[in-house]
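Have a look at the structure below, then the notes.
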Amino acid sequence: MAKAVTTRPTQDTHLLTMYRQLVRMRVFEERVRDVYFAALMPGLAHVYLGQEAVAVGVTEALREDDYVTSTHRGHGHVLAKGGDPKLMMAEIMGREAGYCKGKGGSMHIADLSLGIIGANGIVGAGIPIAAGAGLWMKMRGGDSVVACFFGDAASNQGAFHEGINLAALWDLPVVFVCENNLYGISVRQNRHQKIVDIADRAIGYGIPGEVVDGMDVSAVYDAAKRAVERARKGLGPSLIECKTYRWMGHHAGDPARYRPEGELDAWKERCPVKLCRSILISDGILTEDEDARIQAEVESEMREAEEWAAAQPFPAPERALEDLYA
Amino acid sequence: MLKNLTQAEALREALVEEMRADSRVFVMGEDVGPHGGIFTVTKGMWEEFGDERVRDTPISEAGFVGAALGAALVGGRPIAELMFGDFAAVAMDQIVNQIAKARYMSGGKAIAPLVLRMTIGARGATAAQHSQSPHAWMVHTPGLYVVAPSNPADCKGLLKTAIRDDNPVIFCEHKKLYFEGGPVPEGEHTVPFGVADIKREGRHVTVVAISYMVHKALAAAEKLAEEGIECEVIDPRTLVPMDWQTVYNSVKKTGRAVVIDEGHLTAGVAGEIAARIGKECFDYLDAPVERVCTTDTPIPFSPQMEEFVIPQVEDAIAGIRTVLA
């Protein structure tokens with residue numbers, strides 16, 4: 001499959017909208033990280049720091065009536081698809097007011113009304129589910145599409161093969177987005193698969209595969225837009241591989257000592273937020289003052305979300321017995 | 001009006017009627033299309049509903065079972081068919097971690113209205129990977145309804161209820177019953193979940209039997225009746241939800257209970273039923289509850305061995321005699 005040259009279109013409003021989302025994601029996840037270290041949340045926090053351009057670029061190519069399936073590292077996808085940071089933070093903190101009444105937590109935030117089919121604690125499991133959602137989109141008519149996020153390690157699961165095969169076979173409107181952050185927990189990509197470009201696997205399913213710079217939000221958006229348009233026209237799924245990197249370990253508490261010296265710093269040079277900002281500023285779309293204002297607004301939004309969530313009550317324990325059957 | 005249908009025909013009637021009534025309902029699975037399914041359940045349906053709604057899938061159980069969930073979460077009402085219940089193991093992540101938990105993990109926001117039809121039971125020497133009765137796997141997974149009918153009328157009525165229900169339903173169909181006939185009400189006929197059927201009344205011993213084992217239990221009861229032993233045979237019909245009250249009421253009357261199940265003995269549905277009877281009817285019991293189940297071995301190929309490991313009428317009789325001794 002041909003690999004796209006990563007381009008750098010500078011559509012002002014789009015890029016500015018995407019920049020704001022990048023900043024929101026960055027600030028939200030920094031707060032989640034701090035909440036984790038302050039022991040204000042139970043469980044683990046698989047933070048999205050470093051990968052923001054993927055969720056933002058892909059979701060920018062979607063409409064409100066499109067769907068996403070997410071992963072254990074899913075806060076970015078949920079936020080990008082319109083998730084309310086207050087309800088997200090409350091869920092992450094295990095509160096009654098959270099998206100899932102404290103029953104899902106960080107790894108399982110879902111809001112069908114926003115098209116968020118659900119994050120998933122099982123690596124790769126969302127891929128057949130996305131195919132099925134795409135199947136129903138196609139059967140019911142209309143032109144909604146499904147974006148399916150998963151990581152490099154998920155591409156070794158049987159569910160990856162089965163889900164993409166079905167979507168390809170039936171020309172389903174699904175965009176498969178591989179966030180290749182180079183690690184499946186502690187195992188580096190070169191130690192978990194023979195190939196370098198996961199997009200190469202697309203050829204095995206007879207669908208287009210494309211590698212994009214996952215740190216460049218415009219490149220991700222462009223690739224996603226092509227894939228989404230293709231899906232909307234009924235031409236079937238695509239596989240986009242976004243080369244990216246996670247700033248933290250598998251979760252916030254993982255010191256990630258398995259990473260070679262200097263690797264993180266090299267990737268941070270290509271920070272998706274900084275990259276987007278420097279383009280906006282050099283193209284004269286954003287001033288330093290405007291940027292400071294965006295930062296302040298987002299900081300305040302996320303601080304409020306955290307404070308609101310922290311003030312919410314925990315669920316009564318016996319509510320664990322509810323919500324099992326409709 | 002009643003008419004005589006086989007289990008396969010009764011199931012087909014339920015599918016066809018529900019698909020005509022609700023355009024969101026569709027079926028998918030291996031060989032369900034032009035072939036009509038290896039047990040003929042979907043025979044002729046592809047001709048009426050076409051490729052889209054009677055959808056052949058690749059041999060890809062995790063894929064199409066997961067796809068059924070995806071479709072259900074966004075508005076479809078899929079019915080996926082697992083040709084053999086044994087293949088549920090291939091799709092187990094989707095069943096256990098995804099389908100069963102979709103609603104609960106979302107705090108009750110999501111619904112997953114899908115039916116997973118799967119065959120159970122030993123028939124025709126198909127050996128260890130095509131003969132299992134794995135309903136206990138499903139019963140052990142909160143979030144699923146589990147249905148195991150024993151006759152064509154219940155097959156039709158329960159399948160219609162399953163399709164209309166907003167919860168995921170595992171619908172267990174015994175292979176030995178597909179071509180057995182029975183009276184089935186024409187047109188609208190539904191059977192509610194959680195209502196057991198007392199197949200035969202009796203005062204000496206309660207026999208709870210699941211799926212095909214209902215027929216073995218009734219045959220055993222018939223023989224024992226010649227000796228004046230009156231068995232009360234209960235078909236729970238749905239394992240989740242289970243009609244415990246009907247079971248307890250019967251045991252409180254008879255004071256003795258036997259559970260017959262084609263699942264394996266250890267940690268199976270029969271064990272759960274026995275434990276609950278033991279607790280809820282303790283003061284009424286005159287003997288420990290007896291389980292008559294498949295041995296804790298894989299199902300062997302050779303018919304002589306297959307028959308040996310699976311409960312037969314003689315095993316049912318022996319179990320009943322044990323609690324009467």
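Identifiers in the structure tokens: chain A, B, ... in order shown; residue index from 1 per chain; ligand index from 1 in order shown.
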Need the shell around range 301-305 of chain A: protein/DNA/RNA residues with any atom at most 12 Å away, counting only C-alpha atoms. Skip same-chain ones fewer than 4 positions apart. Format as a PyMOL selection string?
chain A and resi 23-32+34-35+79+83-93+97-98+294-297+309-312
Report as a PDB file with N, CA and C atoms, in the first residue's frame all protein, DNA and RNA residues lying within 9 Å of Gln98 in chain B, evaluated on only C-alpha atoms, omitting residues in the same chain fewer than 5 positions from it.
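This is the output file out_28.pdb:
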ATOM      1  N   ASN A 120     -12.302   0.364  26.488  1.00  0.00           N
ATOM      2  CA  ASN A 120     -12.227  -1.079  26.644  1.00  0.00           C
ATOM      3  C   ASN A 120     -10.954  -1.501  27.358  1.00  0.00           C
ATOM      4  N   ILE A 122      -9.879  -4.553  27.452  1.00  0.00           N
ATOM      5  CA  ILE A 122      -9.282  -5.721  26.788  1.00  0.00           C
ATOM      6  C   ILE A 122      -8.657  -5.245  25.475  1.00  0.00           C
ATOM      7  N   ALA A 125     -10.216  -5.619  21.772  1.00  0.00           N
ATOM      8  CA  ALA A 125     -11.601  -6.123  21.785  1.00  0.00           C
ATOM      9  C   ALA A 125     -12.592  -5.174  21.126  1.00  0.00           C
ATOM     10  N   GLY A 126     -12.245  -3.908  21.059  1.00  0.00           N
ATOM     11  CA  GLY A 126     -13.155  -2.949  20.446  1.00  0.00           C
ATOM     12  C   GLY A 126     -13.211  -3.068  18.925  1.00  0.00           C
ATOM     13  N   ILE A 129     -16.227  -4.960  17.685  1.00  0.00           N
ATOM     14  CA  ILE A 129     -17.393  -4.173  18.098  1.00  0.00           C
ATOM     15  C   ILE A 129     -17.571  -2.988  17.150  1.00  0.00           C
TER      16      ILE A 129
ATOM     17  N   GLY B  66     -18.596 -10.350  18.381  1.00  0.00           N
ATOM     18  CA  GLY B  66     -18.291  -8.967  18.745  1.00  0.00           C
ATOM     19  C   GLY B  66     -19.055  -7.988  17.875  1.00  0.00           C
ATOM     20  N   LEU B  69     -22.511  -7.451  19.067  1.00  0.00           N
ATOM     21  CA  LEU B  69     -22.579  -6.473  20.159  1.00  0.00           C
ATOM     22  C   LEU B  69     -22.505  -5.043  19.622  1.00  0.00           C
ATOM     23  N   ASP B  93     -14.089 -13.827  24.969  1.00  0.00           N
ATOM     24  CA  ASP B  93     -13.846 -12.449  25.416  1.00  0.00           C
ATOM     25  C   ASP B  93     -15.040 -11.566  25.088  1.00  0.00           C
TER      26      ASP B  93
END
List the spatial neighbours of Glu230 in chain B as a PyMOL selection string - criterion: any atom at most 12 Å away, only C-alpha atoms, same-chain residues fewer than 5 positions off excluded.
chain B and resi 200-207+217-218+220-225+254+256+320-321+324
Hey, can you spit out that residue selection with C-alpha atoms as a JSON list (two decimals), in the first residue's frame?
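To be explicit, this is the file written out as out28.json:
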[["chain", "number", "residue", "atom", "x", "y", "z"],
["B", 200, "ARG", "CA", -45.52, -33.74, 35.45],
["B", 201, "GLU", "CA", -46.92, -33.47, 38.95],
["B", 202, "GLY", "CA", -45.93, -35.86, 41.70],
["B", 203, "ARG", "CA", -45.59, -36.05, 45.47],
["B", 204, "HIS", "CA", -42.57, -38.24, 46.17],
["B", 205, "VAL", "CA", -39.62, -36.51, 44.57],
["B", 206, "THR", "CA", -38.86, -33.30, 42.66],
["B", 207, "VAL", "CA", -36.82, -33.76, 39.49],
["B", 217, "ALA", "CA", -36.56, -37.23, 33.38],
["B", 218, "LEU", "CA", -40.07, -37.78, 32.02],
["B", 220, "ALA", "CA", -37.68, -42.07, 34.17],
["B", 221, "ALA", "CA", -40.83, -40.77, 35.87],
["B", 222, "GLU", "CA", -42.97, -42.92, 33.60],
["B", 223, "LYS", "CA", -41.07, -46.06, 34.54],
["B", 224, "LEU", "CA", -41.04, -45.27, 38.23],
["B", 225, "ALA", "CA", -44.77, -44.59, 38.16],
["B", 254, "THR", "CA", -41.90, -33.71, 48.11],
["B", 256, "ARG", "CA", -36.58, -34.87, 47.96],
["B", 320, "ILE", "CA", -34.14, -40.79, 41.99],
["B", 321, "ARG", "CA", -33.84, -44.09, 43.84],
["B", 324, "LEU", "CA", -35.84, -42.18, 47.96]]
Which is closest to Phe314 in chain A among A:Arg20, A:Lys103, A:His108, A:His72, if we use only C-alpha atoms?
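Ranking A:Arg20, A:Lys103, A:His108, A:His72 by distance to Phe314 in chain A, first place goes to A:Lys103.
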Smallest atom-to-atom distance to chain A: which of B:Ala209, B:Val65, B:Val96, B:Ala219, using only C-alpha atoms?
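Answer, going by the shortest atom-to-atom distance: B:Val65.
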Taking only C-alpha atoms into account, which residues of chain B are within 10 Å of chain A, as JSON, numbers by chain?
{"B": [23, 24, 26, 52, 53, 57, 58, 59, 60, 61, 62, 63, 64, 65, 66, 67, 68, 69, 70, 71, 72, 73, 74, 75, 76, 77, 78, 91, 93, 94, 97, 98, 99, 100, 101, 102, 103, 104, 105, 106, 107, 108, 109, 110, 111, 112, 113, 142, 143, 144, 145, 165, 166, 167, 168]}
At a cut-off of 9 Å, using only C-alpha atoms, what residues contact range 137-140 of chain B? Leave out same-chain residues fewer than 3 positions from it and give the result as a PyMOL selection string.
chain B and resi 95-96+134+144-146+170+239-240+268-269
Tell me, which residues of range 148-220 of chain A carry DSSP strand (DSSP E), written as a list in words?
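Written out, the strand (DSSP E) residues of range 148-220 of chain A are Cys148, Phe149, Phe150, Gly151, Val174, Val175, Phe176, Val177, Cys178, Glu179, Asn180, Tyr183, Gly184, Val187, Arg188, Gly209, Glu210, Val211, Val212 and Asp213 of chain A.
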Using N, CA and C atoms, can you write the selected residues to a file as an mmCIF file, in the first residue's frame?
data_model
loop_
_atom_site.group_PDB
_atom_site.id
_atom_site.type_symbol
_atom_site.label_atom_id
_atom_site.label_comp_id
_atom_site.auth_asym_id
_atom_site.auth_seq_id
_atom_site.Cartn_x
_atom_site.Cartn_y
_atom_site.Cartn_z
ATOM 1 N N CYS A 148 -12.369 3.580 15.001
ATOM 2 C CA CYS A 148 -11.987 2.551 15.965
ATOM 3 C C CYS A 148 -10.525 2.746 16.354
ATOM 4 N N PHE A 149 -10.298 3.146 17.594
ATOM 5 C CA PHE A 149 -8.935 3.369 18.077
ATOM 6 C C PHE A 149 -8.387 2.100 18.733
ATOM 7 N N PHE A 150 -7.117 1.842 18.518
ATOM 8 C CA PHE A 150 -6.433 0.736 19.200
ATOM 9 C C PHE A 150 -4.931 0.972 19.095
ATOM 10 N N GLY A 151 -4.171 0.217 19.849
ATOM 11 C CA GLY A 151 -2.728 0.439 19.874
ATOM 12 C C GLY A 151 -1.945 -0.549 19.032
ATOM 13 N N VAL A 174 -15.970 1.979 8.523
ATOM 14 C CA VAL A 174 -15.158 2.018 9.735
ATOM 15 C C VAL A 174 -13.773 2.548 9.381
ATOM 16 N N VAL A 175 -13.244 3.415 10.220
ATOM 17 C CA VAL A 175 -11.864 3.871 10.071
ATOM 18 C C VAL A 175 -11.073 3.282 11.240
ATOM 19 N N PHE A 176 -10.172 2.387 10.921
ATOM 20 C CA PHE A 176 -9.357 1.754 11.954
ATOM 21 C C PHE A 176 -8.118 2.613 12.191
ATOM 22 N N VAL A 177 -7.975 3.086 13.426
ATOM 23 C CA VAL A 177 -6.884 3.995 13.744
ATOM 24 C C VAL A 177 -5.944 3.333 14.742
ATOM 25 N N CYS A 178 -4.779 2.955 14.249
ATOM 26 C CA CYS A 178 -3.786 2.351 15.134
ATOM 27 C C CYS A 178 -2.911 3.445 15.713
ATOM 28 N N GLU A 179 -2.913 3.562 17.023
ATOM 29 C CA GLU A 179 -2.027 4.518 17.694
ATOM 30 C C GLU A 179 -0.776 3.746 18.077
ATOM 31 N N ASN A 180 0.199 3.796 17.198
ATOM 32 C CA ASN A 180 1.430 3.059 17.473
ATOM 33 C C ASN A 180 2.310 3.913 18.378
ATOM 34 N N TYR A 183 4.892 0.806 22.318
ATOM 35 C CA TYR A 183 4.984 -0.146 23.430
ATOM 36 C C TYR A 183 3.656 -0.836 23.719
ATOM 37 N N GLY A 184 3.712 -2.145 23.924
ATOM 38 C CA GLY A 184 2.620 -2.885 24.527
ATOM 39 C C GLY A 184 3.028 -3.127 25.965
ATOM 40 N N VAL A 187 6.743 -3.972 26.462
ATOM 41 C CA VAL A 187 7.429 -4.624 25.346
ATOM 42 C C VAL A 187 7.414 -3.710 24.117
ATOM 43 N N ARG A 188 8.620 -3.372 23.666
ATOM 44 C CA ARG A 188 8.745 -2.453 22.545
ATOM 45 C C ARG A 188 8.283 -3.131 21.255
ATOM 46 N N GLY A 209 -4.076 1.212 3.476
ATOM 47 C CA GLY A 209 -3.350 1.407 4.722
ATOM 48 C C GLY A 209 -2.420 2.583 4.564
ATOM 49 N N GLU A 210 -2.287 3.349 5.602
ATOM 50 C CA GLU A 210 -1.523 4.583 5.478
ATOM 51 C C GLU A 210 -0.790 4.856 6.791
ATOM 52 N N VAL A 211 0.471 5.254 6.666
ATOM 53 C CA VAL A 211 1.243 5.648 7.841
ATOM 54 C C VAL A 211 1.220 7.168 7.931
ATOM 55 N N VAL A 212 0.910 7.688 9.093
ATOM 56 C CA VAL A 212 0.984 9.141 9.240
ATOM 57 C C VAL A 212 1.786 9.513 10.482
ATOM 58 N N ASP A 213 2.271 10.732 10.460
ATOM 59 C CA ASP A 213 2.985 11.285 11.609
ATOM 60 C C ASP A 213 1.951 11.591 12.687
#
What gap, in Å, lies between CA of Leu114 in chain A and CA of Gly82 in chain A?
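Between CA of Leu114 in chain A and CA of Gly82 in chain A the gap works out to 6.6 Å.
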Please determine, counting only C-alpha atoms, which residue among B:Gly124, B:Gly255, B:Gly85, B:Gly33 has the shortest atom-to-atom distance to Pro288 in chain B.
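Closest to Pro288 in chain B, using only C-alpha atoms: B:Gly255.
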One decimal, Å: what's the distance from CA of Gln312 in chain B over to CA of Met83 in chain B, could you say?
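CA of Met83 in chain B lies 24.6 Å from CA of Gln312 in chain B.
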Fewer than 4 positions away in the same chain doesn't count, so skip those; otherwise give me all residues within 10 Å of Thr126 in chain B, counting only C-alpha atoms, as a VMD selection string.
chain B and resid 122 130 to 132 299 to 303 306
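Near Ile281 in chain A, within a cut-off of 12 Å and counting only C-alpha atoms, sit the residues Thr10, Asp12, Leu15, Leu16, Tyr19, Lys274, Leu275, Cys276, Leu286, Thr287, Glu288, Asp289, Glu290 and Asp291 of chain A, with same-chain residues fewer than 5 positions away left out.
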Run DSSP on the backbone of this structure and report the residues of range 61-270 of chain B it assigns to helix (DSSP H, G or I), as an MDAnalysis selection string.
chainID B and resid 61:73 85:99 102:105 135:139 152:164 175:177 213:225 244:254 269:270
Mind giving me the straight-line distance from CA of Pro255 in chain A to CA of Gln51 in chain A in Å, one decimal?
17.8 Å
